[in-house]
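*Asks:* Contents of run-v6.txt (compact mmCIF, N, CA and C atoms) are given next:
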# COMPACT_ATOMS: atom_id res chain seq x y z
N MET A 1 89.12 142.03 116.70
CA MET A 1 89.83 140.90 117.28
C MET A 1 89.46 139.61 116.56
N ARG A 2 88.14 139.46 116.28
CA ARG A 2 87.71 138.24 115.58
C ARG A 2 88.35 138.12 114.20
N SER A 3 88.45 139.24 113.51
CA SER A 3 89.03 139.20 112.16
C SER A 3 90.51 138.83 112.20
N ILE A 4 91.21 139.25 113.23
CA ILE A 4 92.63 138.89 113.38
C ILE A 4 92.76 137.38 113.63
N LEU A 5 91.94 136.85 114.55
CA LEU A 5 91.98 135.42 114.82
C LEU A 5 91.59 134.60 113.59
N LEU A 6 90.58 135.05 112.87
CA LEU A 6 90.15 134.37 111.65
C LEU A 6 91.27 134.36 110.62
N SER A 7 91.96 135.49 110.48
CA SER A 7 93.09 135.58 109.54
C SER A 7 94.20 134.61 109.92
N VAL A 8 94.50 134.52 111.23
CA VAL A 8 95.54 133.60 111.70
C VAL A 8 95.18 132.16 111.38
N PHE A 9 93.92 131.78 111.65
CA PHE A 9 93.48 130.41 111.38
C PHE A 9 93.50 130.10 109.88
N ILE A 10 93.10 131.04 109.07
CA ILE A 10 93.10 130.82 107.61
C ILE A 10 94.52 130.66 107.10
N VAL A 11 95.41 131.57 107.50
CA VAL A 11 96.80 131.50 107.04
C VAL A 11 97.47 130.23 107.54
N ALA A 12 97.21 129.83 108.78
CA ALA A 12 97.82 128.62 109.34
C ALA A 12 97.28 127.37 108.64
N GLY A 13 96.05 127.42 108.18
CA GLY A 13 95.45 126.25 107.54
C GLY A 13 95.82 126.09 106.09
N ILE A 14 96.31 127.12 105.43
CA ILE A 14 96.64 127.04 104.00
C ILE A 14 97.73 126.02 103.70
N PRO A 15 98.84 125.98 104.44
CA PRO A 15 99.86 124.97 104.13
C PRO A 15 99.33 123.54 104.24
N VAL A 16 98.48 123.27 105.22
CA VAL A 16 97.93 121.93 105.37
C VAL A 16 97.01 121.61 104.20
N TRP A 17 96.20 122.56 103.81
CA TRP A 17 95.27 122.38 102.71
C TRP A 17 96.01 122.27 101.38
N ALA A 18 97.11 123.02 101.23
CA ALA A 18 97.86 123.05 99.97
C ALA A 18 98.67 121.77 99.74
N GLN A 19 98.96 121.03 100.80
CA GLN A 19 99.71 119.80 100.63
C GLN A 19 98.84 118.80 99.88
N GLY A 20 99.38 118.28 98.79
CA GLY A 20 98.62 117.33 98.00
C GLY A 20 98.69 115.94 98.58
N SER A 21 98.11 115.04 97.84
CA SER A 21 98.13 113.64 98.24
C SER A 21 99.56 113.12 98.19
N PRO A 22 99.95 112.26 99.14
CA PRO A 22 101.30 111.71 99.09
C PRO A 22 101.49 110.73 97.92
N VAL A 23 100.40 110.27 97.30
CA VAL A 23 100.52 109.35 96.17
C VAL A 23 100.60 110.16 94.88
N LEU A 24 101.76 110.09 94.22
CA LEU A 24 101.96 110.83 92.97
C LEU A 24 101.51 110.01 91.77
N VAL A 25 101.79 108.71 91.80
CA VAL A 25 101.41 107.83 90.69
C VAL A 25 100.82 106.56 91.29
N SER A 26 99.70 106.16 90.77
CA SER A 26 99.10 104.88 91.14
C SER A 26 98.39 104.37 89.89
N GLU A 27 99.09 103.55 89.15
CA GLU A 27 98.56 103.12 87.86
C GLU A 27 98.69 101.61 87.69
N THR A 28 97.70 101.03 87.05
CA THR A 28 97.72 99.61 86.75
C THR A 28 97.73 99.44 85.23
N ILE A 29 98.64 98.62 84.76
CA ILE A 29 98.74 98.30 83.34
C ILE A 29 98.41 96.83 83.19
N VAL A 30 97.48 96.51 82.30
CA VAL A 30 97.06 95.13 82.12
C VAL A 30 97.45 94.63 80.74
N ASP A 31 98.16 93.51 80.72
CA ASP A 31 98.44 92.78 79.49
C ASP A 31 97.66 91.48 79.64
N SER A 32 96.56 91.35 78.93
CA SER A 32 95.65 90.22 79.15
C SER A 32 96.30 88.87 78.89
N ASP A 33 97.37 88.84 78.09
CA ASP A 33 98.06 87.58 77.81
C ASP A 33 99.04 87.20 78.90
N LEU A 34 99.54 88.18 79.64
CA LEU A 34 100.70 87.92 80.47
C LEU A 34 100.55 88.31 81.94
N ALA A 35 100.19 89.57 82.22
CA ALA A 35 100.27 90.03 83.61
C ALA A 35 99.52 91.33 83.83
N GLU A 36 99.43 91.66 85.13
CA GLU A 36 98.93 92.96 85.57
C GLU A 36 100.07 93.63 86.32
N MET A 37 100.44 94.83 85.91
CA MET A 37 101.55 95.55 86.53
C MET A 37 101.01 96.76 87.28
N LYS A 38 101.52 97.00 88.49
CA LYS A 38 101.11 98.15 89.28
C LYS A 38 102.33 99.02 89.55
N ILE A 39 102.18 100.29 89.23
CA ILE A 39 103.25 101.27 89.47
C ILE A 39 102.73 102.25 90.51
N SER A 40 103.52 102.46 91.56
CA SER A 40 103.15 103.48 92.54
C SER A 40 104.38 104.30 92.90
N VAL A 41 104.15 105.60 93.00
CA VAL A 41 105.18 106.52 93.46
C VAL A 41 104.54 107.33 94.57
N THR A 42 105.14 107.26 95.75
CA THR A 42 104.59 107.91 96.94
C THR A 42 105.60 108.91 97.49
N ASP A 43 105.10 110.07 97.88
CA ASP A 43 105.95 111.09 98.49
C ASP A 43 106.04 110.78 99.98
N ILE A 44 107.24 110.34 100.42
CA ILE A 44 107.44 110.01 101.83
C ILE A 44 108.15 111.12 102.60
N ASN A 45 108.58 112.17 101.88
CA ASN A 45 109.21 113.38 102.46
C ASN A 45 110.56 113.14 103.13
N GLU A 46 110.97 111.93 103.32
CA GLU A 46 112.25 111.66 103.99
C GLU A 46 112.99 110.57 103.24
N PRO A 47 114.26 110.62 103.09
CA PRO A 47 115.14 111.75 103.37
C PRO A 47 114.94 112.84 102.32
N SER A 48 115.42 114.04 102.60
CA SER A 48 115.17 115.18 101.72
C SER A 48 115.79 115.00 100.33
N TYR A 49 116.87 114.22 100.22
CA TYR A 49 117.50 114.05 98.91
C TYR A 49 116.84 112.97 98.06
N ALA A 50 115.97 112.15 98.64
CA ALA A 50 115.25 111.13 97.89
C ALA A 50 113.88 110.91 98.54
N PRO A 51 112.98 111.90 98.38
CA PRO A 51 111.73 111.86 99.13
C PRO A 51 110.62 111.00 98.52
N LEU A 52 110.87 110.37 97.39
CA LEU A 52 109.83 109.58 96.74
C LEU A 52 110.14 108.09 96.84
N GLN A 53 109.10 107.28 96.91
CA GLN A 53 109.26 105.83 96.98
C GLN A 53 108.62 105.22 95.73
N LEU A 54 109.42 104.49 94.96
CA LEU A 54 108.95 103.84 93.74
C LEU A 54 108.74 102.35 94.00
N LYS A 55 107.59 101.84 93.57
CA LYS A 55 107.30 100.42 93.72
C LYS A 55 106.61 99.93 92.46
N ILE A 56 107.12 98.84 91.89
CA ILE A 56 106.52 98.23 90.70
C ILE A 56 106.32 96.75 91.00
N THR A 57 105.06 96.32 90.97
CA THR A 57 104.76 94.92 91.22
C THR A 57 104.10 94.31 89.99
N VAL A 58 104.27 93.00 89.85
CA VAL A 58 103.72 92.27 88.71
C VAL A 58 102.97 91.06 89.24
N LEU A 59 101.73 90.91 88.78
CA LEU A 59 100.94 89.72 89.08
C LEU A 59 100.79 88.99 87.75
N CYS A 60 101.55 87.93 87.59
CA CYS A 60 101.56 87.19 86.34
C CYS A 60 100.31 86.32 86.21
N LYS A 61 99.92 86.08 84.99
CA LYS A 61 98.74 85.26 84.73
C LYS A 61 98.93 83.85 85.29
N ASP A 62 100.12 83.30 85.13
CA ASP A 62 100.44 81.99 85.68
C ASP A 62 101.80 82.06 86.35
N ASN A 63 101.82 82.57 87.56
CA ASN A 63 103.07 82.67 88.29
C ASN A 63 102.83 82.16 89.70
N ARG A 64 102.66 80.86 89.79
CA ARG A 64 102.36 80.25 91.08
C ARG A 64 103.59 80.20 91.97
N VAL A 65 103.34 80.07 93.25
CA VAL A 65 104.44 80.00 94.20
C VAL A 65 105.31 78.79 93.91
N ASN A 66 104.70 77.67 93.51
CA ASN A 66 105.46 76.50 93.08
C ASN A 66 104.67 75.78 92.00
N GLN A 67 105.28 74.80 91.39
CA GLN A 67 104.69 74.15 90.23
C GLN A 67 103.34 73.49 90.54
N ASN A 68 103.15 73.01 91.75
CA ASN A 68 101.91 72.36 92.12
C ASN A 68 100.91 73.28 92.82
N GLY A 69 101.32 74.50 93.08
CA GLY A 69 100.44 75.42 93.79
C GLY A 69 99.37 76.01 92.91
N LYS A 70 98.37 76.62 93.55
CA LYS A 70 97.29 77.24 92.80
C LYS A 70 97.24 78.75 92.97
N ALA A 71 97.77 79.27 94.06
CA ALA A 71 97.68 80.71 94.33
C ALA A 71 98.74 81.47 93.53
N PRO A 72 98.33 82.53 92.84
CA PRO A 72 99.33 83.35 92.13
C PRO A 72 100.17 84.15 93.11
N LYS A 73 101.32 84.55 92.69
CA LYS A 73 102.24 85.29 93.55
C LYS A 73 102.55 86.64 92.92
N VAL A 74 102.45 87.69 93.71
CA VAL A 74 102.82 89.02 93.24
C VAL A 74 104.33 89.15 93.34
N MET A 75 104.95 89.59 92.27
CA MET A 75 106.41 89.72 92.21
C MET A 75 106.79 91.20 92.21
N ASN A 76 107.93 91.53 92.80
CA ASN A 76 108.49 92.87 92.68
C ASN A 76 109.30 92.92 91.39
N ALA A 77 108.94 93.83 90.49
CA ALA A 77 109.68 93.96 89.23
C ALA A 77 111.06 94.53 89.50
N ILE A 78 111.13 95.49 90.40
CA ILE A 78 112.41 96.02 90.88
C ILE A 78 112.25 96.21 92.38
N PRO A 79 113.33 96.17 93.12
CA PRO A 79 113.19 96.38 94.58
C PRO A 79 112.62 97.78 94.84
N GLN A 80 111.79 97.89 95.87
CA GLN A 80 111.24 99.20 96.24
C GLN A 80 112.41 100.11 96.55
N GLN A 81 112.40 101.33 96.02
CA GLN A 81 113.54 102.20 96.24
C GLN A 81 113.14 103.66 96.37
N ALA A 82 113.98 104.38 97.10
CA ALA A 82 113.79 105.82 97.26
C ALA A 82 114.39 106.51 96.03
N ILE A 83 113.65 107.48 95.49
CA ILE A 83 114.12 108.20 94.31
C ILE A 83 113.95 109.71 94.53
N CYS A 84 114.62 110.50 93.69
CA CYS A 84 114.51 111.97 93.77
C CYS A 84 113.29 112.47 93.02
N ALA A 85 113.13 111.96 91.79
CA ALA A 85 112.07 112.48 90.93
C ALA A 85 111.55 111.37 90.03
N TRP A 86 110.27 111.45 89.73
CA TRP A 86 109.62 110.47 88.84
C TRP A 86 109.55 111.07 87.45
N GLY A 87 109.81 110.23 86.46
CA GLY A 87 109.75 110.68 85.07
C GLY A 87 108.52 110.14 84.37
N THR A 88 108.71 109.06 83.63
CA THR A 88 107.61 108.51 82.84
C THR A 88 107.66 106.99 82.86
N HIS A 89 106.64 106.38 82.29
CA HIS A 89 106.65 104.95 82.06
C HIS A 89 105.88 104.66 80.78
N ALA A 90 106.25 103.55 80.14
CA ALA A 90 105.56 103.13 78.91
C ALA A 90 105.65 101.62 78.83
N TYR A 91 104.57 101.00 78.37
CA TYR A 91 104.56 99.55 78.23
C TYR A 91 104.42 99.19 76.76
N SER A 92 105.32 98.34 76.28
CA SER A 92 105.25 97.83 74.91
C SER A 92 104.61 96.45 74.96
N ALA A 93 103.36 96.35 74.53
CA ALA A 93 102.66 95.06 74.53
C ALA A 93 103.30 94.10 73.53
N GLU A 94 103.89 94.63 72.49
CA GLU A 94 104.53 93.80 71.47
C GLU A 94 105.80 93.14 72.02
N LYS A 95 106.62 93.93 72.71
CA LYS A 95 107.89 93.41 73.25
C LYS A 95 107.75 92.87 74.66
N LYS A 96 106.61 93.17 75.32
CA LYS A 96 106.37 92.77 76.72
C LYS A 96 107.41 93.39 77.65
N VAL A 97 107.68 94.68 77.42
CA VAL A 97 108.70 95.40 78.20
C VAL A 97 108.07 96.66 78.79
N LEU A 98 108.28 96.84 80.08
CA LEU A 98 107.86 98.06 80.78
C LEU A 98 109.10 98.94 80.93
N ALA A 99 109.04 100.15 80.38
CA ALA A 99 110.17 101.07 80.47
C ALA A 99 109.83 102.16 81.46
N VAL A 100 110.71 102.39 82.43
CA VAL A 100 110.48 103.44 83.43
C VAL A 100 111.67 104.39 83.46
N LYS A 101 111.37 105.65 83.71
CA LYS A 101 112.41 106.67 83.79
C LYS A 101 112.23 107.44 85.10
N PHE A 102 113.29 107.54 85.85
CA PHE A 102 113.25 108.25 87.12
C PHE A 102 114.64 108.75 87.45
N SER A 103 114.76 109.52 88.51
CA SER A 103 116.06 110.05 88.94
C SER A 103 116.35 109.57 90.34
N GLU A 104 117.63 109.34 90.60
CA GLU A 104 118.08 108.92 91.92
C GLU A 104 119.03 109.96 92.48
N ALA A 105 119.20 109.93 93.79
CA ALA A 105 120.16 110.83 94.43
C ALA A 105 121.56 110.27 94.27
N ALA A 106 122.46 111.11 93.85
CA ALA A 106 123.87 110.74 93.79
C ALA A 106 124.54 111.36 95.01
N ILE A 107 124.93 110.52 95.94
CA ILE A 107 125.48 111.03 97.19
C ILE A 107 126.91 111.50 96.96
N VAL A 108 127.11 112.77 97.20
CA VAL A 108 128.44 113.37 97.12
C VAL A 108 128.67 113.98 98.49
N VAL A 109 129.91 114.01 98.94
CA VAL A 109 130.19 114.51 100.29
C VAL A 109 129.60 115.91 100.45
N GLY A 110 128.71 116.06 101.39
CA GLY A 110 128.10 117.35 101.67
C GLY A 110 126.99 117.74 100.72
N ASP A 111 126.68 116.89 99.74
CA ASP A 111 125.65 117.26 98.77
C ASP A 111 125.00 115.99 98.23
N ALA A 112 123.79 116.12 97.75
CA ALA A 112 123.11 114.96 97.18
C ALA A 112 122.30 115.40 95.96
N PRO A 113 122.97 115.63 94.85
CA PRO A 113 122.23 116.07 93.66
C PRO A 113 121.37 114.96 93.09
N CYS A 114 120.30 115.36 92.43
CA CYS A 114 119.39 114.41 91.80
C CYS A 114 119.87 114.19 90.37
N GLU A 115 120.16 112.96 90.01
CA GLU A 115 120.68 112.66 88.67
C GLU A 115 119.71 111.78 87.91
N ALA A 116 119.49 112.13 86.65
CA ALA A 116 118.63 111.31 85.79
C ALA A 116 119.32 109.99 85.50
N GLN A 117 118.57 108.92 85.56
CA GLN A 117 119.09 107.59 85.27
C GLN A 117 118.66 107.21 83.85
N PRO A 118 119.40 106.31 83.22
CA PRO A 118 118.92 105.84 81.92
C PRO A 118 117.60 105.11 82.10
N THR A 119 116.80 105.09 81.06
CA THR A 119 115.53 104.39 81.13
C THR A 119 115.78 102.93 81.47
N ARG A 120 115.02 102.42 82.43
CA ARG A 120 115.19 101.03 82.85
C ARG A 120 114.11 100.20 82.18
N ALA A 121 114.54 99.21 81.42
CA ALA A 121 113.61 98.31 80.74
C ALA A 121 113.41 97.07 81.59
N ILE A 122 112.15 96.76 81.89
CA ILE A 122 111.83 95.59 82.70
C ILE A 122 111.13 94.58 81.80
N ASN A 123 111.76 93.43 81.60
CA ASN A 123 111.22 92.40 80.72
C ASN A 123 110.16 91.60 81.48
N ILE A 124 108.89 91.91 81.23
CA ILE A 124 107.79 91.26 81.93
C ILE A 124 107.66 89.80 81.52
N LYS A 125 107.99 89.51 80.28
CA LYS A 125 107.94 88.12 79.82
C LYS A 125 108.92 87.25 80.61
N LYS A 126 110.07 87.80 80.90
CA LYS A 126 111.08 87.06 81.67
C LYS A 126 110.63 86.89 83.12
N ILE A 127 110.03 87.94 83.69
CA ILE A 127 109.54 87.85 85.07
C ILE A 127 108.44 86.81 85.16
N CYS A 128 107.61 86.72 84.14
CA CYS A 128 106.46 85.83 84.15
C CYS A 128 106.70 84.53 83.40
N ALA A 129 107.93 84.05 83.39
CA ALA A 129 108.21 82.78 82.74
C ALA A 129 107.35 81.71 83.38
N ARG A 130 106.60 80.99 82.59
CA ARG A 130 105.66 80.00 83.10
C ARG A 130 106.38 78.71 83.52
N TRP A 131 105.70 77.96 84.39
CA TRP A 131 106.23 76.68 84.82
C TRP A 131 106.22 75.70 83.65
N ASN A 132 107.27 74.95 83.52
CA ASN A 132 107.33 73.93 82.47
C ASN A 132 106.79 72.62 83.03
N PRO A 133 105.85 71.99 82.30
CA PRO A 133 105.28 70.72 82.82
C PRO A 133 106.31 69.61 82.82
In structure tokens, what does this structure look like?
*Replies:*
Amino acid sequence: MRSILLSVFIVAGIPVWAQGSPVLVSETIVDSDLAEMKISVTDINEPSYAPLQLKITVLCKDNRVNQNGKAPKVMNAIPQQAICAWGTHAYSAEKKVLAVKFSEAAIVVGDAPCEAQPTRAINIKKICARWNP
């Protein structure tokens, strides 16, 4: 009897143990001249056709809330969005461009296939345009 109960507990516990961390990507890219970029992709499990959440934030070296302010402001490079699948990312320090590749759900009546999107180039230099004196 004990071995049967032990087997039930072990089998029931495997799916919980096998579930990985909901954070798929958590990376910081630093450009010492310009900004610090944070990329996170989290598995939110809902909705089933776009279970991942992509967030890219930029903390510019000099990106104050206003011209006379002192506190830096974290900017969203792209709006937080639900995606189907995460691809890759690459930062060009020479061009100051962060390139990201991911897939989004294409809603079709009765179906929601995951479609690859073209690589999205985010111009960090433009996001971090400094205040003009």
*Asks:* Choose the residue, out of A:Ser32, A:Val97, A:Gln81, A:Gln53, that has the smallest atom-to-atom separation from Asn123 in chain A; count all atoms listed in the file.
*Replies:*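 Closest residue, counting all atoms listed in the file: A:Val97.
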*Asks:* For Lys95 in chain A, list every protein, DNA or RNA residue within 10 Å, evaluated using only C-alpha atoms, and leave out those in the same chain fewer than 4 positions away; present the list as a list in words.
*Replies:*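 My list of contacting residues is Tyr91, Asn123, Ile124 and Lys125 of chain A.
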*Asks:* Would you kindly return, as JSON, numbers by chain, each protein, DNA or RNA residue with an atom no farther than 6 Å from any atom of Leu52 in chain A, considering only N, CA and C atoms and excluding same-chain residues fewer than 3 positions away?
*Replies:* {"A": [42, 43, 44, 45, 81, 82, 83, 84]}
*Asks:* Please produce an output containing N, CA and C atoms for each residue in the selection, written as a PDB file, in the frame of the given file.
*Replies:*
ATOM      1  N   THR A  42     105.140 107.260  95.750  1.00  0.00           N
ATOM      2  CA  THR A  42     104.590 107.910  96.940  1.00  0.00           C
ATOM      3  C   THR A  42     105.600 108.910  97.490  1.00  0.00           C
ATOM      4  N   ASP A  43     105.100 110.070  97.880  1.00  0.00           N
ATOM      5  CA  ASP A  43     105.950 111.090  98.490  1.00  0.00           C
ATOM      6  C   ASP A  43     106.040 110.780  99.980  1.00  0.00           C
ATOM      7  N   ILE A  44     107.240 110.340 100.420  1.00  0.00           N
ATOM      8  CA  ILE A  44     107.440 110.010 101.830  1.00  0.00           C
ATOM      9  C   ILE A  44     108.150 111.120 102.600  1.00  0.00           C
ATOM     10  N   ASN A  45     108.580 112.170 101.880  1.00  0.00           N
ATOM     11  CA  ASN A  45     109.210 113.380 102.460  1.00  0.00           C
ATOM     12  C   ASN A  45     110.560 113.140 103.130  1.00  0.00           C
ATOM     13  N   GLN A  81     112.400 101.330  96.020  1.00  0.00           N
ATOM     14  CA  GLN A  81     113.540 102.200  96.240  1.00  0.00           C
ATOM     15  C   GLN A  81     113.140 103.660  96.370  1.00  0.00           C
ATOM     16  N   ALA A  82     113.980 104.380  97.100  1.00  0.00           N
ATOM     17  CA  ALA A  82     113.790 105.820  97.260  1.00  0.00           C
ATOM     18  C   ALA A  82     114.390 106.510  96.030  1.00  0.00           C
ATOM     19  N   ILE A  83     113.650 107.480  95.490  1.00  0.00           N
ATOM     20  CA  ILE A  83     114.120 108.200  94.310  1.00  0.00           C
ATOM     21  C   ILE A  83     113.950 109.710  94.530  1.00  0.00           C
ATOM     22  N   CYS A  84     114.620 110.500  93.690  1.00  0.00           N
ATOM     23  CA  CYS A  84     114.510 111.970  93.770  1.00  0.00           C
ATOM     24  C   CYS A  84     113.290 112.470  93.020  1.00  0.00           C
TER      25      CYS A  84
END
*Asks:* Could you tell me which of A:Leu59, A:Val41, A:Ile78, A:Cys128 comes closest to Val23 in chain A if we count only N, CA and C atoms?
*Replies:*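 Nearest to Val23 in chain A: A:Val41.
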*Asks:* With only C-alpha atoms as the atoms that count, which of A:Ala112, A:Ala85, A:Ile127, A:Ala105 lies nearest to Cys60 in chain A?
*Replies:*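 The answer is A:Ile127, which sits nearest to Cys60 in chain A.
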*Asks:* Using only N, CA and C atoms, find the one residue out of A:Gln80, A:Ser21, A:Thr88, A:Ser103 that sits nearest to Ile56 in chain A.
*Replies:*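 Checking each candidate against Ile56 in chain A, we get A:Gln80 as the closest.
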*Asks:* Find the spatial neighbours of Gln117 in chain A, counting all atoms listed in the file, within a cut-off of 6.5 Å - ignore same-chain residues fewer than 6 positions away - and output them as a list in words.
*Replies:* Lys101, Phe102, Ser103 and Glu104 of chain A
*Asks:* May I ask for the distance between atom C of Lys96 in chain A and atom C of Val74 in chain A, given in Å to one decimal place?
*Replies:*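 Separation between atom C of Lys96 in chain A and atom C of Val74 in chain A: 16.5 Å.
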